[in-house]
Protein chains: 2
Amino acid sequence: MSNDEQLHAMRHSLAHITASAVKKLWPEAKFGVGPVVDNGFYYDIDLGELKISESDFKRIEKEMRGIVNQAQEFEHFDMPIDQAIDWARQNGQPYKEELLNDLKRSGTTIAKDLDVSELGLATDGESAVETVSFYKNGDFVDLCRGPHVANTKDVGAFKLQRVAGAYWRGKEGNPQMQRLYGVAFETKEELDEYLVRMEEAKLRDHRKLGKELDLYTVSPLVGPGLPLFTPRGTVLRDIMSTYSNQLRQRYGFQKVWTPHITKKELYETSGHWAKFGDELFLVTSQETSDNFALKPMNCPHHTQIYASSPRSYKDMPVRFLETTTDYRDEKTGELGGLNRVRSLTQDDSHVFARPDQIEQEINNLLASARELYATIDMKLRVRLSYRDGGEGYLGDISLWETAQAQLKQAVLANELDYFEQDGEAAFYGPKIDFMATDAIGREHQVATVQLDFVQPQRFGLTYTDAEGNAAQPVMIHCALLGSIERFLSVFIEHTAGWFPFWAAPEQLRILTINDTVLDYVDEIKAVLNETVLMQPVRFNEIRFTVDDRNESLGKKIREAAKNKIPVQLIVGQQDKDAREVSVRTQKGEEKVSLDTLGEYLKAI
Amino acid sequence: MSNDEQLHAMRHSLAHITASAVKKLWPEAKFGVGPVVDNGFYYDIDLGELKISESDFKRIEKEMRGIVNQAQEFEHFDMPIDQAIDWARQNGQPYKEELLNDLKRSGTTIAKDLDVSELGLATDGESAVETVSFYKNGDFVDLCRGPHVANTKDVGAFKLQRVAGAYWRGKEGNPQMQRLYGVAFETKEELDEYLVRMEEAKLRDHRKLGKELDLYTVSPLVGPGLPLFTPRGTVLRDIMSTYSNQLRQRYGFQKVWTPHITKKELYETSGHWAKFGDELFLVTSQETSDNFALKPMNCPHHTQIYASSPRSYKDMPVRFLETTTDYRDEKTGELGGLNRVRSLTQDDSHVFARPDQIEQEINNLLASARELYATIDMKLRVRLSYRDGGEGYLGDISLWETAQAQLKQAVLANELDYFEQDGEAAFYGPKIDFMATDAIGREHQVATVQLDFVQPQRFGLTYTDAEGNAAQPVMIHCALLGSIERFLSVFIEHTAGWFPFWAAPEQLRILTINDTVLDYVDEIKAVLNETVLMQPVRFNEIRFTVDDRNESLGKKIREAAKNKIPVQLIVGQQDKDAREVSVRTQKGEEKVSLDTLGEYLKAI
């Protein structure tokens, strides 16, 4: 067993131990599923009217430690499926019974449905199964494929974390269960380190900071997963989108604009309707019989702009850029803050290139991504996702091979930290996925660059090659930020709300010491209004306010710090007399003359 | 009869004369309705398989002139409704019969349905009618409320214009009729002048220019009324939206961002659901039972941002700005070019103000509108739309009176050409509508500024007044461009595609005379890349291309003119030697030294 497999078995065993403990305390407990998740595990439990709260965690953990200390063996055995169904019925486990009945009909339904793989289910195909796998520790028996650790004493360090409501099988309308989460690591040190990091993460939680810094709001009238951005949050959206656009515009990308809906015929042609049709928001016209969908991605729309003009090999590549909002029909339970939303704004781009242009174009996009994440001080690492020997990849094999080599070449040329993975390509082409590490060590998937051999073919896109024949372009999809909403959730937590000077919604606040300086403040404002930042975003005008209330300087400074204003200009009579200002940043305070203030700010 | 009423009667009488003529030529013709429209009239005709084409216009017009020359009297008489239904049946007029049957049931259904008022229908309320009004000229009898001219010789100058398909009552699925359009004026001179203007308008048709200048495209896969903007068209969209935003940002407007969909609860609260629910695009979630709609306007969304923070009288006014796309479920038959679309992008803003701030805020908005339309050289005139003595206006009467006075005060202060109209206010508040006249004399409704006393109340919006009590703000809706798509249709036709230098998608093209100047072209490019226009749009970078093909200068100039590039820089060996360029614009050609080129362009 590798370390990863070992840790997985430990966490999975802890899910069983949690259930054993709950059953000891509440023998009437009915169990759903108990899979491993990031950093730990959960178990879905139905206790009827009884609600578990955090105050119960201590005694559940005590029971769990008891089971660990008893050093129970995890025993594995198989049971014929009909006997297993009887077992579930006799033990008052209706959810297990339902799973087993599903399993009897078809081996895959359940796992797909629940998106977990540790259900004791022999999921090798669509055929019905005859026997199922069980594990037993002490007197607790559970339907389970395993694997587990050998003995309950081998489960490492753990802690119950939280309890949340969850519909059975994730479906609204099904019974609501209690999902009891735990975290677990091999050693106490690792667990403690994780818990400290979680404390830090809690302070940085973008939902908390989003409210404190007035960045966005949600309205029950508008709906979950549909955040509305206040002026401050809108500055962040715009500045990041502008930056991402400017990085590509220097390589010849041009903005286009497409509507947010389309007739379903567009997705029938692209193939998305067959593949993702039931994940779309459907739009009905009451005036006509047209059927529309909200766009969940922009590539099919962009193909129609490409197709609107004849293209020659000399016109290639054609590079479109559009920051636009896509809509995805996420389940309500999965929505939270900006991390997962229904309205996701992509800083999307599509290159239509000749095959010989792929490497240069990828190069440009990698350079853009590298610059962006270096600017915001996040470490990048990329995954080169290739095809494997399997079926289902579309497009010419030699095109794939050349393209994969070109991708790697571009990654090497950009000196990016990378790893390669076969079998991770999309069916329509190989890709590069970017992972960025935040200030507290968490890795987030952000940008992506994907080759696409399929859509140009499905839409019959062509250009006239040097010999006058119709040739097929390759498409290169790219988003540098990914979804702006999700990016902001990462960016807020990465910076803990202390946005860099160029990106901050309110970059600067003038704090007056008393009223005698108001005329001097007007002079300072004139300087600020004339100052335009050119790095990293071009034509970035200074966003500032003046706090000239009749309050103490101490109070003004405390409020500016609470609002995380990166630069504060403190102005008193002495500053006025000396024609300077006191510049206060997180690094300290220094005097700057009014004459050089503009240059000083440009250099921050 | 006023002049307007006289012209209306003439055009309406011509609709009858057209039908008389058609009936003479094709006695089996079945007639729908024949109302007056801008500059003329139409009549809907069902001729079965027989299709009228423009080649038939001559003989129809000949019959019409015959009827005019016969100087037939228009005789008016009433008929009991049941007798009228018999008349329609006996005369093989099933459409008239249907109208009469509807009318018998309820006096208003038909007129609302067809949006025309000259149907001979006594539409004074919802009650059934007993007699209907008819007009007769020669042996042609038609159901009609009138009024008409006294005699067919009094109809002025006319011309048949075009014929188009139209569903009976505008409903897909109903029989398709032929809509025969005519234009008519009191004098031959006015008609001729109009026809010349129409020829000019045809050359300027934005659908034609949109294609020639590659500004936008439509795709049958995406759907009608959902234009996609190419890079050139997107520049126009962006530059106009940026300008419109910058004009308001100097008055403290701040950008916000809202999603394009909302739960229907938002519109139930705002009142739009009850009033416009059947005109919305409905959005269905397949994952949840949530019901959404695409937003047809942005005010309800913006109220939710206002409501997300407590507001004090010192924070007022709060000013939100958002260029965002709304969706309206227009009938397919009404869609054409950019003039009427389903995806309309509004440069929308909402002020939440104390009542004492209305005048100043209106003032700012009027100043912005005035500046914008002066910049693009369109004459503005405004309508002050007040309430009348009728019922149905919401909000306190004294608030209305103060507000109407403030609106007028602001219009006077801005020295705008205006007229006042009672009874044209929205039920929620008085408003100012802007009409702009284009280069060939057509007037288009563009910007609007509307007061709203109702939504703040329905959403329970408040601010804390100086006494610490909750007070209700007033909302001020404003769009300077209106819908950007519609604005562009006007702007393209107004300029005939010769966009002003600052707005042109491609502002400048360098035309080389031969290859020896390529290094000098690089120097010129460096100057252009450094040049940023600040008027009327701030931070407007120069958009240029280089035509260094091995083609004759004459050909390059012809192509640049065809593409309506406002500035062409012609560069030959002599220019290089003298370190200057030949600047060619619509006004002529002159030499400019490279040193002063940047300043020269900034001053255009």
# chains A, B, ... in the order shown; residues from 1 in each chain; ligands from 1
>>> interface_residues(of="chain B", to="chain A", cutoff="6 Å", atoms="only C-alpha atoms", output="PyMOL selection string")
chain B and resi 221-223+228-231+234+254-258+262-263+265-266+281-285+287+331
>>> residues_around(residues="range 466-478 of chain B", least_positions_apart="5", cutoff="7 Å", atoms="only C-alpha atoms", output="list of chain:residue names")
B:Tyr313, B:Asp348, B:Ser349, B:His350, B:Val351, B:Phe352, B:Ala353, B:Arg354, B:Pro355, B:Thr448, B:Val449, B:Gln450, B:Leu451, B:Asp452, B:Phe453, B:Pro456, B:Leu461
>>> write_last_selection(atoms="N, CA and C atoms", output="PDB file, in the first residue's frame")
ATOM      1  N   TYR B 313     -28.639  59.273   5.508  1.00  0.00           N
ATOM      2  CA  TYR B 313     -28.893  60.427   4.618  1.00  0.00           C
ATOM      3  C   TYR B 313     -27.592  61.024   4.098  1.00  0.00           C
ATOM      4  N   ASP B 348     -27.204  51.167 -18.332  1.00  0.00           N
ATOM      5  CA  ASP B 348     -28.236  51.488 -17.364  1.00  0.00           C
ATOM      6  C   ASP B 348     -27.638  52.125 -16.111  1.00  0.00           C
ATOM      7  N   SER B 349     -28.382  53.003 -15.482  1.00  0.00           N
ATOM      8  CA  SER B 349     -27.947  53.493 -14.169  1.00  0.00           C
ATOM      9  C   SER B 349     -29.149  53.762 -13.291  1.00  0.00           C
ATOM     10  N   HIS B 350     -28.908  53.659 -11.999  1.00  0.00           N
ATOM     11  CA  HIS B 350     -29.959  53.942 -11.023  1.00  0.00           C
ATOM     12  C   HIS B 350     -29.393  54.778  -9.901  1.00  0.00           C
ATOM     13  N   VAL B 351     -30.054  55.892  -9.665  1.00  0.00           N
ATOM     14  CA  VAL B 351     -29.707  56.718  -8.520  1.00  0.00           C
ATOM     15  C   VAL B 351     -30.765  56.460  -7.449  1.00  0.00           C
ATOM     16  N   PHE B 352     -30.313  56.289  -6.226  1.00  0.00           N
ATOM     17  CA  PHE B 352     -31.213  56.242  -5.075  1.00  0.00           C
ATOM     18  C   PHE B 352     -30.982  57.552  -4.333  1.00  0.00           C
ATOM     19  N   ALA B 353     -31.977  58.429  -4.343  1.00  0.00           N
ATOM     20  CA  ALA B 353     -31.753  59.793  -3.858  1.00  0.00           C
ATOM     21  C   ALA B 353     -32.787  60.190  -2.822  1.00  0.00           C
ATOM     22  N   ARG B 354     -32.422  61.168  -2.009  1.00  0.00           N
ATOM     23  CA  ARG B 354     -33.407  61.843  -1.168  1.00  0.00           C
ATOM     24  C   ARG B 354     -34.237  62.732  -2.086  1.00  0.00           C
ATOM     25  N   PRO B 355     -35.504  62.991  -1.716  1.00  0.00           N
ATOM     26  CA  PRO B 355     -36.328  63.828  -2.592  1.00  0.00           C
ATOM     27  C   PRO B 355     -35.701  65.192  -2.896  1.00  0.00           C
ATOM     28  N   THR B 448     -33.281  58.018 -21.833  1.00  0.00           N
ATOM     29  CA  THR B 448     -34.445  58.253 -20.996  1.00  0.00           C
ATOM     30  C   THR B 448     -34.008  58.457 -19.546  1.00  0.00           C
ATOM     31  N   VAL B 449     -34.722  59.322 -18.865  1.00  0.00           N
ATOM     32  CA  VAL B 449     -34.496  59.556 -17.436  1.00  0.00           C
ATOM     33  C   VAL B 449     -35.866  59.446 -16.775  1.00  0.00           C
ATOM     34  N   GLN B 450     -36.007  58.520 -15.855  1.00  0.00           N
ATOM     35  CA  GLN B 450     -37.327  58.283 -15.259  1.00  0.00           C
ATOM     36  C   GLN B 450     -37.251  58.317 -13.742  1.00  0.00           C
ATOM     37  N   LEU B 451     -38.201  58.979 -13.162  1.00  0.00           N
ATOM     38  CA  LEU B 451     -38.321  58.931 -11.707  1.00  0.00           C
ATOM     39  C   LEU B 451     -39.199  57.744 -11.331  1.00  0.00           C
ATOM     40  N   ASP B 452     -38.930  57.199 -10.161  1.00  0.00           N
ATOM     41  CA  ASP B 452     -39.675  56.020  -9.729  1.00  0.00           C
ATOM     42  C   ASP B 452     -39.953  56.127  -8.230  1.00  0.00           C
ATOM     43  N   PHE B 453     -41.231  56.270  -7.897  1.00  0.00           N
ATOM     44  CA  PHE B 453     -41.624  56.330  -6.491  1.00  0.00           C
ATOM     45  C   PHE B 453     -42.085  54.966  -5.977  1.00  0.00           C
ATOM     46  N   PRO B 456     -38.936  51.679  -4.749  1.00  0.00           N
ATOM     47  CA  PRO B 456     -38.383  51.807  -3.398  1.00  0.00           C
ATOM     48  C   PRO B 456     -39.395  51.352  -2.332  1.00  0.00           C
ATOM     49  N   LEU B 461     -37.176  49.859   0.526  1.00  0.00           N
ATOM     50  CA  LEU B 461     -35.865  50.500   0.636  1.00  0.00           C
ATOM     51  C   LEU B 461     -35.969  51.719   1.559  1.00  0.00           C
TER      52      LEU B 461
END
>>> select_by_dssp(residues="range 343-544 of chain B", states="alpha helix (DSSP H)", output="number ranges by chain")
B: 358-375, 397-413, 455-458, 484-495, 518-530
>>> select_by_dssp(residues="range 225-411 of chain A", states="strand (DSSP E or B)", output="number ranges by chain")
A: 228-229, 254-255, 257, 261-263, 282-284, 291-294, 312, 318-327, 336, 340, 343-353, 379-386
>>> atom_distance(atom1="CA of Met79 in chain A", atom2="CA of Asn91 in chain A")
15.1 Å
>>> residues_around(residues="Thr596 in chain A", least_positions_apart="5", cutoff="12 Å", atoms="only C-alpha atoms", output="JSON list (two decimals) with N, CA and C atoms, in the first residue's frame")
[["chain", "number", "residue", "atom", "x", "y", "z"],
["A", 524, "ILE", "N", -3.90, 67.75, -2.99],
["A", 524, "ILE", "CA", -3.51, 66.32, -3.05],
["A", 524, "ILE", "C", -4.46, 65.58, -3.99],
["A", 527, "VAL", "N", -3.56, 65.99, -7.52],
["A", 527, "VAL", "CA", -2.44, 65.12, -7.91],
["A", 527, "VAL", "C", -2.94, 63.70, -8.15],
["A", 528, "LEU", "N", -3.78, 63.19, -7.26],
["A", 528, "LEU", "CA", -4.27, 61.81, -7.40],
["A", 528, "LEU", "C", -5.10, 61.67, -8.67],
["A", 531, "THR", "N", -2.96, 61.14, -11.59],
["A", 531, "THR", "CA", -2.03, 60.00, -11.59],
["A", 531, "THR", "C", -2.71, 58.76, -12.16],
["A", 579, "ARG", "N", 4.61, 70.87, 2.58],
["A", 579, "ARG", "CA", 4.13, 70.38, 1.28],
["A", 579, "ARG", "C", 4.51, 68.92, 1.05],
["A", 580, "GLU", "N", 4.18, 68.12, 2.10],
["A", 580, "GLU", "CA", 4.40, 66.68, 1.96],
["A", 580, "GLU", "C", 3.22, 65.93, 2.60],
["A", 581, "VAL", "N", 3.25, 64.62, 2.51],
["A", 581, "VAL", "CA", 2.22, 63.80, 3.17],
["A", 581, "VAL", "C", 2.91, 62.64, 3.87],
["A", 591, "LYS", "N", 7.51, 59.92, 4.92],
["A", 591, "LYS", "CA", 7.11, 61.22, 4.37],
["A", 591, "LYS", "C", 7.43, 61.25, 2.88],
["A", 601, "LEU", "N", 3.59, 56.72, -6.06],
["A", 601, "LEU", "CA", 2.48, 55.76, -6.14],
["A", 601, "LEU", "C", 2.63, 54.83, -7.35],
["A", 602, "LYS", "N", 3.11, 55.39, -8.46],
["A", 602, "LYS", "CA", 3.31, 54.56, -9.65],
["A", 602, "LYS", "C", 4.32, 53.46, -9.40],
["A", 603, "ALA", "N", 5.23, 53.71, -8.45],
["A", 603, "ALA", "CA", 6.32, 52.75, -8.22],
["A", 603, "ALA", "C", 5.98, 51.72, -7.14]]
>>> residues_around(residues="Phe544 in chain B", least_positions_apart="3", cutoff="7 Å", atoms="only C-alpha atoms", output="JSON, numbers by chain")
{"B": [506, 507, 508, 509]}
>>> residues_around(residues="Asp347 in chain A", least_positions_apart="6", cutoff="9 Å", atoms="only C-alpha atoms", output="list of chain:residue names")
A:Ser241, A:Ser244, A:Asn245, A:Leu321, A:Glu322, A:Thr323, A:Thr324, A:Thr325, A:Cys478, A:Ala479, A:Leu480, A:Leu481, A:Gly482, A:Ser483, A:Ile484
>>> residues_around(residues="Asp577 in chain A", least_positions_apart="4", cutoff="10 Å", atoms="only C-alpha atoms", output="JSON, numbers by chain")
{"A": [517, 520, 572, 573]}
>>> residues_around(residues="Asp142 in chain B", least_positions_apart="6", cutoff="10 Å", atoms="only C-alpha atoms", output="ChimeraX atom specification")
/B:16,19-20,31,33,76,88,96,119-120,133-136
>>> write_last_selection(atoms="C-alpha atoms", output="PDB file, in the first residue's frame")
ATOM      1  CA  HIS B  16     -59.300  51.679 -48.249  1.00  0.00           C
ATOM      2  CA  ALA B  19     -58.119  47.466 -50.807  1.00  0.00           C
ATOM      3  CA  SER B  20     -60.705  48.683 -53.359  1.00  0.00           C
ATOM      4  CA  PHE B  31     -58.945  41.436 -46.129  1.00  0.00           C
ATOM      5  CA  VAL B  33     -56.782  45.141 -41.230  1.00  0.00           C
ATOM      6  CA  HIS B  76     -70.312  56.587 -43.278  1.00  0.00           C
ATOM      7  CA  ALA B  88     -68.841  39.607 -43.659  1.00  0.00           C
ATOM      8  CA  LYS B  96     -63.585  40.615 -40.738  1.00  0.00           C
ATOM      9  CA  LEU B 119     -60.623  49.022 -36.935  1.00  0.00           C
ATOM     10  CA  GLY B 120     -64.058  50.569 -36.939  1.00  0.00           C
ATOM     11  CA  SER B 133     -69.288  51.647 -38.016  1.00  0.00           C
ATOM     12  CA  PHE B 134     -68.762  51.203 -41.798  1.00  0.00           C
ATOM     13  CA  TYR B 135     -67.383  53.312 -44.634  1.00  0.00           C
ATOM     14  CA  LYS B 136     -68.178  52.940 -48.295  1.00  0.00           C
TER      15      LYS B 136
END
>>> closest_residue(among="A:Leu50, A:Ala367, A:Cys299, A:Ile376", to="Phe501 in chain A", atoms="only C-alpha atoms")
A:Ile376
>>> atom_distance(atom1="CA of Lys159 in chain A", atom2="CA of Ala184 in chain A")
6.5 Å
>>> atom_distance(atom1="CA of Leu372 in chain B", atom2="CA of Ile358 in chain B")
21.2 Å
>>> decode(residues="range 117-179 of chain A", atoms="C-alpha atoms", output="mmCIF file, in the first residue's frame")
data_model
loop_
_atom_site.group_PDB
_atom_site.id
_atom_site.type_symbol
_atom_site.label_atom_id
_atom_site.label_comp_id
_atom_site.auth_asym_id
_atom_site.auth_seq_id
_atom_site.Cartn_x
_atom_site.Cartn_y
_atom_site.Cartn_z
ATOM 1 C CA SER A 117 -16.630 4.967 -5.007
ATOM 2 C CA GLU A 118 -16.391 3.278 -1.613
ATOM 3 C CA LEU A 119 -19.838 1.801 -1.409
ATOM 4 C CA GLY A 120 -18.884 -1.835 -1.320
ATOM 5 C CA LEU A 121 -20.113 -2.024 -4.856
ATOM 6 C CA ALA A 122 -18.573 -4.172 -7.518
ATOM 7 C CA THR A 123 -18.908 -1.473 -10.136
ATOM 8 C CA ASP A 124 -17.324 -3.212 -13.089
ATOM 9 C CA GLY A 125 -19.882 -2.329 -15.670
ATOM 10 C CA GLU A 126 -23.587 -2.071 -16.083
ATOM 11 C CA SER A 127 -24.393 -5.695 -15.338
ATOM 12 C CA ALA A 128 -26.204 -6.829 -12.222
ATOM 13 C CA VAL A 129 -24.087 -8.217 -9.365
ATOM 14 C CA GLU A 130 -24.572 -11.435 -7.434
ATOM 15 C CA THR A 131 -22.517 -10.999 -4.286
ATOM 16 C CA VAL A 132 -21.520 -7.926 -2.329
ATOM 17 C CA SER A 133 -18.671 -7.165 -0.018
ATOM 18 C CA PHE A 134 -19.010 -6.441 3.736
ATOM 19 C CA TYR A 135 -16.695 -5.345 6.524
ATOM 20 C CA LYS A 136 -17.162 -5.964 10.231
ATOM 21 C CA ASN A 137 -15.448 -4.370 13.228
ATOM 22 C CA GLY A 138 -16.629 -5.368 16.707
ATOM 23 C CA ASP A 139 -20.353 -5.877 16.284
ATOM 24 C CA PHE A 140 -20.698 -3.203 13.565
ATOM 25 C CA VAL A 141 -21.290 -4.589 10.063
ATOM 26 C CA ASP A 142 -21.301 -2.437 6.944
ATOM 27 C CA LEU A 143 -21.776 -2.922 3.249
ATOM 28 C CA CYS A 144 -18.387 -1.852 1.871
ATOM 29 C CA ARG A 145 -15.890 -2.549 -0.880
ATOM 30 C CA GLY A 146 -12.936 -1.535 1.296
ATOM 31 C CA PRO A 147 -10.043 -1.475 1.597
ATOM 32 C CA HIS A 148 -9.634 -0.855 5.319
ATOM 33 C CA VAL A 149 -6.758 -0.880 7.747
ATOM 34 C CA ALA A 150 -6.295 -4.216 9.476
ATOM 35 C CA ASN A 151 -7.277 -3.022 12.925
ATOM 36 C CA THR A 152 -9.143 -0.075 14.471
ATOM 37 C CA LYS A 153 -5.967 0.884 16.345
ATOM 38 C CA ASP A 154 -4.297 1.794 13.011
ATOM 39 C CA VAL A 155 -6.406 4.810 12.088
ATOM 40 C CA GLY A 156 -4.048 7.644 13.080
ATOM 41 C CA ALA A 157 -5.153 11.017 14.501
ATOM 42 C CA PHE A 158 -8.695 12.266 13.961
ATOM 43 C CA LYS A 159 -11.257 14.855 15.001
ATOM 44 C CA LEU A 160 -14.930 15.366 14.254
ATOM 45 C CA GLN A 161 -15.291 18.602 12.409
ATOM 46 C CA ARG A 162 -18.859 19.618 11.629
ATOM 47 C CA VAL A 163 -22.326 18.363 10.898
ATOM 48 C CA ALA A 164 -24.474 19.566 7.999
ATOM 49 C CA GLY A 165 -27.779 18.670 6.380
ATOM 50 C CA ALA A 166 -27.631 16.602 3.188
ATOM 51 C CA TYR A 167 -30.428 15.168 1.110
ATOM 52 C CA TRP A 168 -30.268 11.415 0.626
ATOM 53 C CA ARG A 169 -28.516 10.881 -2.715
ATOM 54 C CA GLY A 170 -28.197 14.678 -3.044
ATOM 55 C CA LYS A 171 -31.739 15.017 -4.330
ATOM 56 C CA GLU A 172 -34.104 17.689 -3.103
ATOM 57 C CA GLY A 173 -37.299 16.002 -1.921
ATOM 58 C CA ASN A 174 -35.472 12.950 -0.580
ATOM 59 C CA PRO A 175 -35.194 12.579 3.231
ATOM 60 C CA GLN A 176 -32.740 14.975 4.812
ATOM 61 C CA MET A 177 -29.892 13.259 6.627
ATOM 62 C CA GLN A 178 -27.146 14.576 8.888
ATOM 63 C CA ARG A 179 -23.700 14.507 7.343
#
